[in-house]
Amino acid sequence: MCGIAGTYGFGADTEGIARRMSGALAHRGPDGEGLFVDDQIGLAHRRLAIIDREHGAQPMTTADGRYTIIYNGETYNYLDLRTELEQLGHTFRTDSDTEVLLEAHAEWGTAAYDRFNGMFAFAIHDAETGTVTIARDHFGIKPLYYWIDPAAEGADSPRVVFGSEIRSLLAARVFEAAPDDRAVYRYLKFRVQDDDSQTFFAGVSRLMAGQVLEIRADGTEVSSFTRLQEELREIAARPSRPYDESVVDEYRERFQESVRLRLQSEVPVGTSLSGGLDSSAVAAVIARHLRDQPEDERYSAVGSRQNTFSAVFPNSSNDEERYVDALLEDNKGQITAHKITPQPGAFLEDVHDFVRTQEEPIISTGPYAQYAVMREASQHVTVLLDGQGADEMMAGYNPYFYVYLRQLRKQKRFKELASEVVGSRDILRKLARTKFSGRTSVPIEALLNSGFVAEHSGEKVSSVQDDLKERLLEDTFRSSLPSLLRYEDKNTMRFSIEGRVPFVDKELLKFLFSLDESAIIHDGWNKRILRESMFGILPDMISKRRNKIGFTTPEGEWFRNIAPQLREIFASPSFASRPYFDAASVLALFDDYIAHPENHGTLMFWRLLNVELWMRTFFDDADGAVRALGGSAEAAGAPAPVLAPAPEETVEEPKSDHLANPGKELDLVSEADGHTWRRFPLQTELVARGDDIEKLVRERVERFAADLPEDASPAGVPWYFVISEKIIAISQGRSWFTWEVKPRRSAKVLSRFVSRTPAGIGLGDPTTMELAIREVGLPRVLAASAAGAAGKAVGRKGLFYEVVGANVRAIDGPTPYSAFPSNVSAKLPPKDPDAVSARISAAIRGADIPAALRDSFVGTVVMDANDIGRNVLGSDVATPHENLEATFADNPLGQGRQRTPMAVLVDLGTATQR
């Protein structure tokens, strides 16, 4: 563990808890012995690269004994604060920033924290009041987690555990680790994490950026110690400073100063270099200083040559090596380069430790590139600077262009809008190509357990779409940067390195917000002020780059390389047993990915995979749990497997044939004929293309009849067999996975004008519209569309389907709540449903069932039913269709994943007949 850890209100067991919280490290770290107060409070600490490491030993206590601090991070303006405090009468025993923070708290209390410029997570104990105050820096660069015992609410003293790592909280063993299902759903559905105080571990919260948690004997309180976000909004609302050469020069000076401050260290410092504009700017500024300054004035922590560390992927689509080489060529003599080449095989070997290191699921495998770089860097340096944060502060991602264009349109700045559209036309083309790439678009709900989806269906995520600076604020403090800072900290701490981020500086951000948006995006160029401030410092091929790749793995190429090993995970009993996934759908989609990787992206597969590996690491595997809490596999008595074993699959109990589906009734009184109809839903295995539907029905009816209770279906009453048109279409090969259907342009356009309903997608999807065109031809679909539009104009509904025909009405699209494969497929109605009905009836009459039951059998009905309507598509009976449709008024077979596509329908007659 690296960072801070503490407990509050645990009585006599405080010391034991503090020891456990330190994981594999004893709480008596190199910086001090720990703090224990009246068997109630315990603070433990382990700090890496600090300013004045020799004299900054922790815990540190004020001379009067009142305040004690444990502290992780650096405060770069500590010398200015020290001067101010000395003027107020404070004296200092050390030259460390730790003592400055401590004395600042003694002078100003929590109001002092807004004065700090740096990255920090600290805890301060007040011996006079018994209060413990924990705080996290303005941007949340340094993590801080806490757990408050819900059972202690209202007690004399709250029970609280806190630490820089979630593993330290788990190691305390004062609560049972469990996943937070809401966090898992939001991650799988919206690709979000770290955007609020809720972590992936139930009951464990993260202190958000700029927040303080006060722990008192009478309770706890979370508040903000800073108005930074509000201040930035206020700055943005003022008249902007005109953009000119002096602004560029000032930004360059401010950025260089931010880099300089982060080179204060008593340990070796290097740079993470991706070849992108951001990290290259950091490396180039340092190299220029080494070149231009006399040797005795150079940064002592850097030495005579700067060490840079780069992940490169030769012959890969995202290789950045040529940009790295261009910077090295420009700075010969000032840089010693280290190139790391991560490989998919090594990723498989490292994935268990990588997942454990991250503690919570992450957006992609991209952070593994940084993980590999940190491992190598740890052999050479202790502090590493990189370019995180520039994208969120200066619109580094392409979607920001859309936000800015919408803002210009909203503000009616049409001249600037036209200029930006022209300048960013290549970016807009790229975004359009991505949107219409033809890749499969399967909703994540189709791959998840329907109950899990229903439980969290109210979750929403929105983002600012038409205000550039507001969007930058959102992404800096909530939506994007927090997750990047998290994996940065986890990767650096894993290899005992301190990561520092010069762009994430509150004074630098305030300056940016004082400028017009044109300093950020102008004529189709983002990060304008950074680019122009680096002219003459960076090679043109870097400062004028249009494409951004950054530190990330070539995930698509890697997944194709290790697809068999990944498939093993998706096919495992462990994966199938989770309450989150529809394993059959995931496996089917991944199999198609293996066959046609060009049709699919990998981000959705990674999220599914990451959740599974995270569950195995932190909840399933005993050895994995030891490793997750900071121990070693060897200490646990076994080497670490590449992928941890998983629990055995839990088998779902099949539904009884003689019971209704959950939420449905067995009997219904029909409004059409007044009869009582009993509907027995029959659960089946999945049906596939080419299956013998008559054989399946015969065997299923025999099973139903074998244990039919005497009172379930009175002897001699007529009964029908009802079968869903879906499984007939599937068996006939008239159903396709959505990725197998390639919609033409006309299908994409026409589908946009179709209204969707909660019960089905209808023709409102390009895949189903394509099937309609194939079935009846484009001219007829166009004619029906015109008729439908005319009908709407005069208030007459249904003209579209009257013209296009019943076959098209019965086309179904992917419905995420349905059972596989209907949740990822589109289908035409069954061919010759009347003939199919006759063949099924013949099979039933030849089945091994009691003679009385056979004699009372009427025939077969092919039904298309959902929650808002039902249609008989075919039958071999004389009963009016409207009477049969009325028996399914409440959709007894269900709309979800009941897997009951067949039913025995018994006519019990009227009350007088009975």
# chains A, B, ... in the order shown; residues from 1 in each chain; ligands from 1
call {"tool": "residues_around", "arguments": {"residues": "A:Leu686", "least_positions_apart": "6", "cutoff": "12 Å", "atoms": "only C-alpha atoms", "output": "VMD selection string"}}
result
chain A and resid 584 to 585 693 696 726 to 728 730 to 731 819 to 822 897 to 901
call {"tool": "write_last_selection", "arguments": {"atoms": "N, CA and C atoms", "output": "short mmCIF file (atom, residue, chain, number, x, y, z; two decimals), in the first residue's frame"}}
result
data_model
loop_
_atom_site.label_atom_id
_atom_site.label_comp_id
_atom_site.auth_asym_id
_atom_site.auth_seq_id
_atom_site.Cartn_x
_atom_site.Cartn_y
_atom_site.Cartn_z
N ALA A 584 -25.47 -16.51 -22.97
CA ALA A 584 -25.66 -17.07 -24.31
C ALA A 584 -25.55 -15.98 -25.37
N SER A 585 -26.11 -14.81 -25.10
CA SER A 585 -26.05 -13.72 -26.06
C SER A 585 -24.63 -13.20 -26.21
N ILE A 693 -38.97 -28.59 -35.97
CA ILE A 693 -39.95 -27.99 -35.08
C ILE A 693 -41.06 -28.98 -34.73
N LEU A 696 -39.74 -31.29 -32.06
CA LEU A 696 -39.63 -30.56 -30.81
C LEU A 696 -41.00 -30.44 -30.14
N LYS A 726 -42.05 -16.64 -33.70
CA LYS A 726 -40.60 -16.38 -33.66
C LYS A 726 -39.80 -17.66 -33.86
N ILE A 727 -40.15 -18.69 -33.10
CA ILE A 727 -39.29 -19.87 -33.17
C ILE A 727 -39.50 -20.63 -34.48
N ILE A 728 -40.67 -20.48 -35.08
CA ILE A 728 -40.85 -21.10 -36.40
C ILE A 728 -39.97 -20.39 -37.41
N ILE A 730 -37.24 -18.78 -36.82
CA ILE A 730 -35.84 -19.13 -36.54
C ILE A 730 -35.51 -20.50 -37.14
N SER A 731 -36.37 -21.47 -36.91
CA SER A 731 -36.10 -22.83 -37.42
C SER A 731 -36.08 -22.85 -38.95
N ALA A 819 -35.56 -13.26 -24.87
CA ALA A 819 -34.56 -14.31 -24.72
C ALA A 819 -33.71 -14.41 -25.97
N PHE A 820 -32.47 -14.83 -25.77
CA PHE A 820 -31.58 -15.07 -26.90
C PHE A 820 -32.20 -16.16 -27.79
N PRO A 821 -32.15 -16.03 -29.15
CA PRO A 821 -31.42 -15.01 -29.91
C PRO A 821 -32.29 -13.82 -30.33
N SER A 822 -33.55 -13.75 -29.85
CA SER A 822 -34.42 -12.66 -30.29
C SER A 822 -33.90 -11.30 -29.87
N ARG A 897 -37.69 -12.77 -20.96
CA ARG A 897 -36.85 -13.94 -21.16
C ARG A 897 -37.39 -15.17 -20.44
N GLN A 898 -38.72 -15.32 -20.50
CA GLN A 898 -39.35 -16.47 -19.85
C GLN A 898 -39.05 -17.77 -20.58
N ARG A 899 -38.70 -17.67 -21.87
CA ARG A 899 -38.42 -18.85 -22.71
C ARG A 899 -39.61 -19.80 -22.76
N THR A 900 -40.80 -19.21 -22.95
CA THR A 900 -42.02 -20.02 -23.07
C THR A 900 -42.72 -19.67 -24.39
N PRO A 901 -42.17 -20.12 -25.52
CA PRO A 901 -42.75 -19.76 -26.82
C PRO A 901 -43.89 -20.68 -27.25
#
call {"tool": "residues_around", "arguments": {"residues": "A:Val248", "least_positions_apart": "2", "cutoff": "7 Å", "atoms": "only C-alpha atoms", "output": "PDB file with N, CA and C atoms, in the first residue's frame"}}
result
ATOM      1  N   ASP A 244      -3.957  36.957 -28.500  1.00  0.00           N
ATOM      2  CA  ASP A 244      -2.886  37.506 -29.333  1.00  0.00           C
ATOM      3  C   ASP A 244      -1.575  36.853 -28.922  1.00  0.00           C
ATOM      4  N   GLU A 245      -0.491  37.351 -29.479  1.00  0.00           N
ATOM      5  CA  GLU A 245       0.817  36.737 -29.242  1.00  0.00           C
ATOM      6  C   GLU A 245       1.226  36.827 -27.782  1.00  0.00           C
ATOM      7  N   SER A 246       0.827  37.919 -27.105  1.00  0.00           N
ATOM      8  CA  SER A 246       1.192  38.055 -25.696  1.00  0.00           C
ATOM      9  C   SER A 246       0.518  36.985 -24.842  1.00  0.00           C
ATOM     10  N   GLU A 250       2.411  34.270 -22.523  1.00  0.00           N
ATOM     11  CA  GLU A 250       2.117  34.103 -21.108  1.00  0.00           C
ATOM     12  C   GLU A 250       1.755  32.660 -20.786  1.00  0.00           C
ATOM     13  N   TYR A 251       0.972  32.016 -21.694  1.00  0.00           N
ATOM     14  CA  TYR A 251       0.632  30.617 -21.450  1.00  0.00           C
ATOM     15  C   TYR A 251       1.900  29.766 -21.420  1.00  0.00           C
ATOM     16  N   ARG A 252       2.825  30.035 -22.359  1.00  0.00           N
ATOM     17  CA  ARG A 252       4.070  29.265 -22.392  1.00  0.00           C
ATOM     18  C   ARG A 252       4.821  29.407 -21.077  1.00  0.00           C
ATOM     19  N   ILE A 529      -3.820  27.090 -28.140  1.00  0.00           N
ATOM     20  CA  ILE A 529      -2.811  27.847 -27.412  1.00  0.00           C
ATOM     21  C   ILE A 529      -1.608  26.990 -27.056  1.00  0.00           C
ATOM     22  N   GLU A 532       0.417  26.562 -30.378  1.00  0.00           N
ATOM     23  CA  GLU A 532       1.142  27.762 -30.794  1.00  0.00           C
ATOM     24  C   GLU A 532       2.236  28.131 -29.800  1.00  0.00           C
ATOM     25  N   SER A 533       2.039  27.784 -28.531  1.00  0.00           N
ATOM     26  CA  SER A 533       3.092  28.051 -27.551  1.00  0.00           C
ATOM     27  C   SER A 533       4.281  27.114 -27.723  1.00  0.00           C
TER      28      SER A 533
END
call {"tool": "residues_around", "arguments": {"residues": "A:Glu802", "least_positions_apart": "2", "cutoff": "12 Å", "atoms": "only C-alpha atoms", "output": "MDAnalysis selection string"}}
result
chainID A and resid 780:781 783:788 791 796:800 804:809
call {"tool": "atom_distance", "arguments": {"atom1": "atom CA of A:Lys189", "atom2": "atom CA of A:Asp765"}}
result
19.9 Å
call {"tool": "atom_distance", "arguments": {"atom1": "atom CA of A:Leu873", "atom2": "atom CA of A:Phe888"}}
result
13.7 Å
call {"tool": "atom_distance", "arguments": {"atom1": "atom CA of A:Met534", "atom2": "atom CA of A:Phe309"}}
result
20.7 Å
call {"tool": "select_by_dssp", "arguments": {"residues": "stretch 343-580 of chain A", "states": "strand (DSSP E or B)", "output": "PyMOL selection string"}}
result
chain A and resi 383-385+448+498-500+515+522+525+535+538
call {"tool": "residues_around", "arguments": {"residues": "A:Ala446", "least_positions_apart": "2", "cutoff": "12 Å", "atoms": "only C-alpha atoms", "output": "MDAnalysis selection string"}}
result
chainID A and resid 188:189 441:444 448:453 580:589 604 737:738 813:825 896:897
call {"tool": "closest_residue", "arguments": {"among": "A:Glu234, A:Lys742, A:Tyr593, A:Ser265", "to": "A:Lys510", "atoms": "only C-alpha atoms"}}
result
A:Glu234
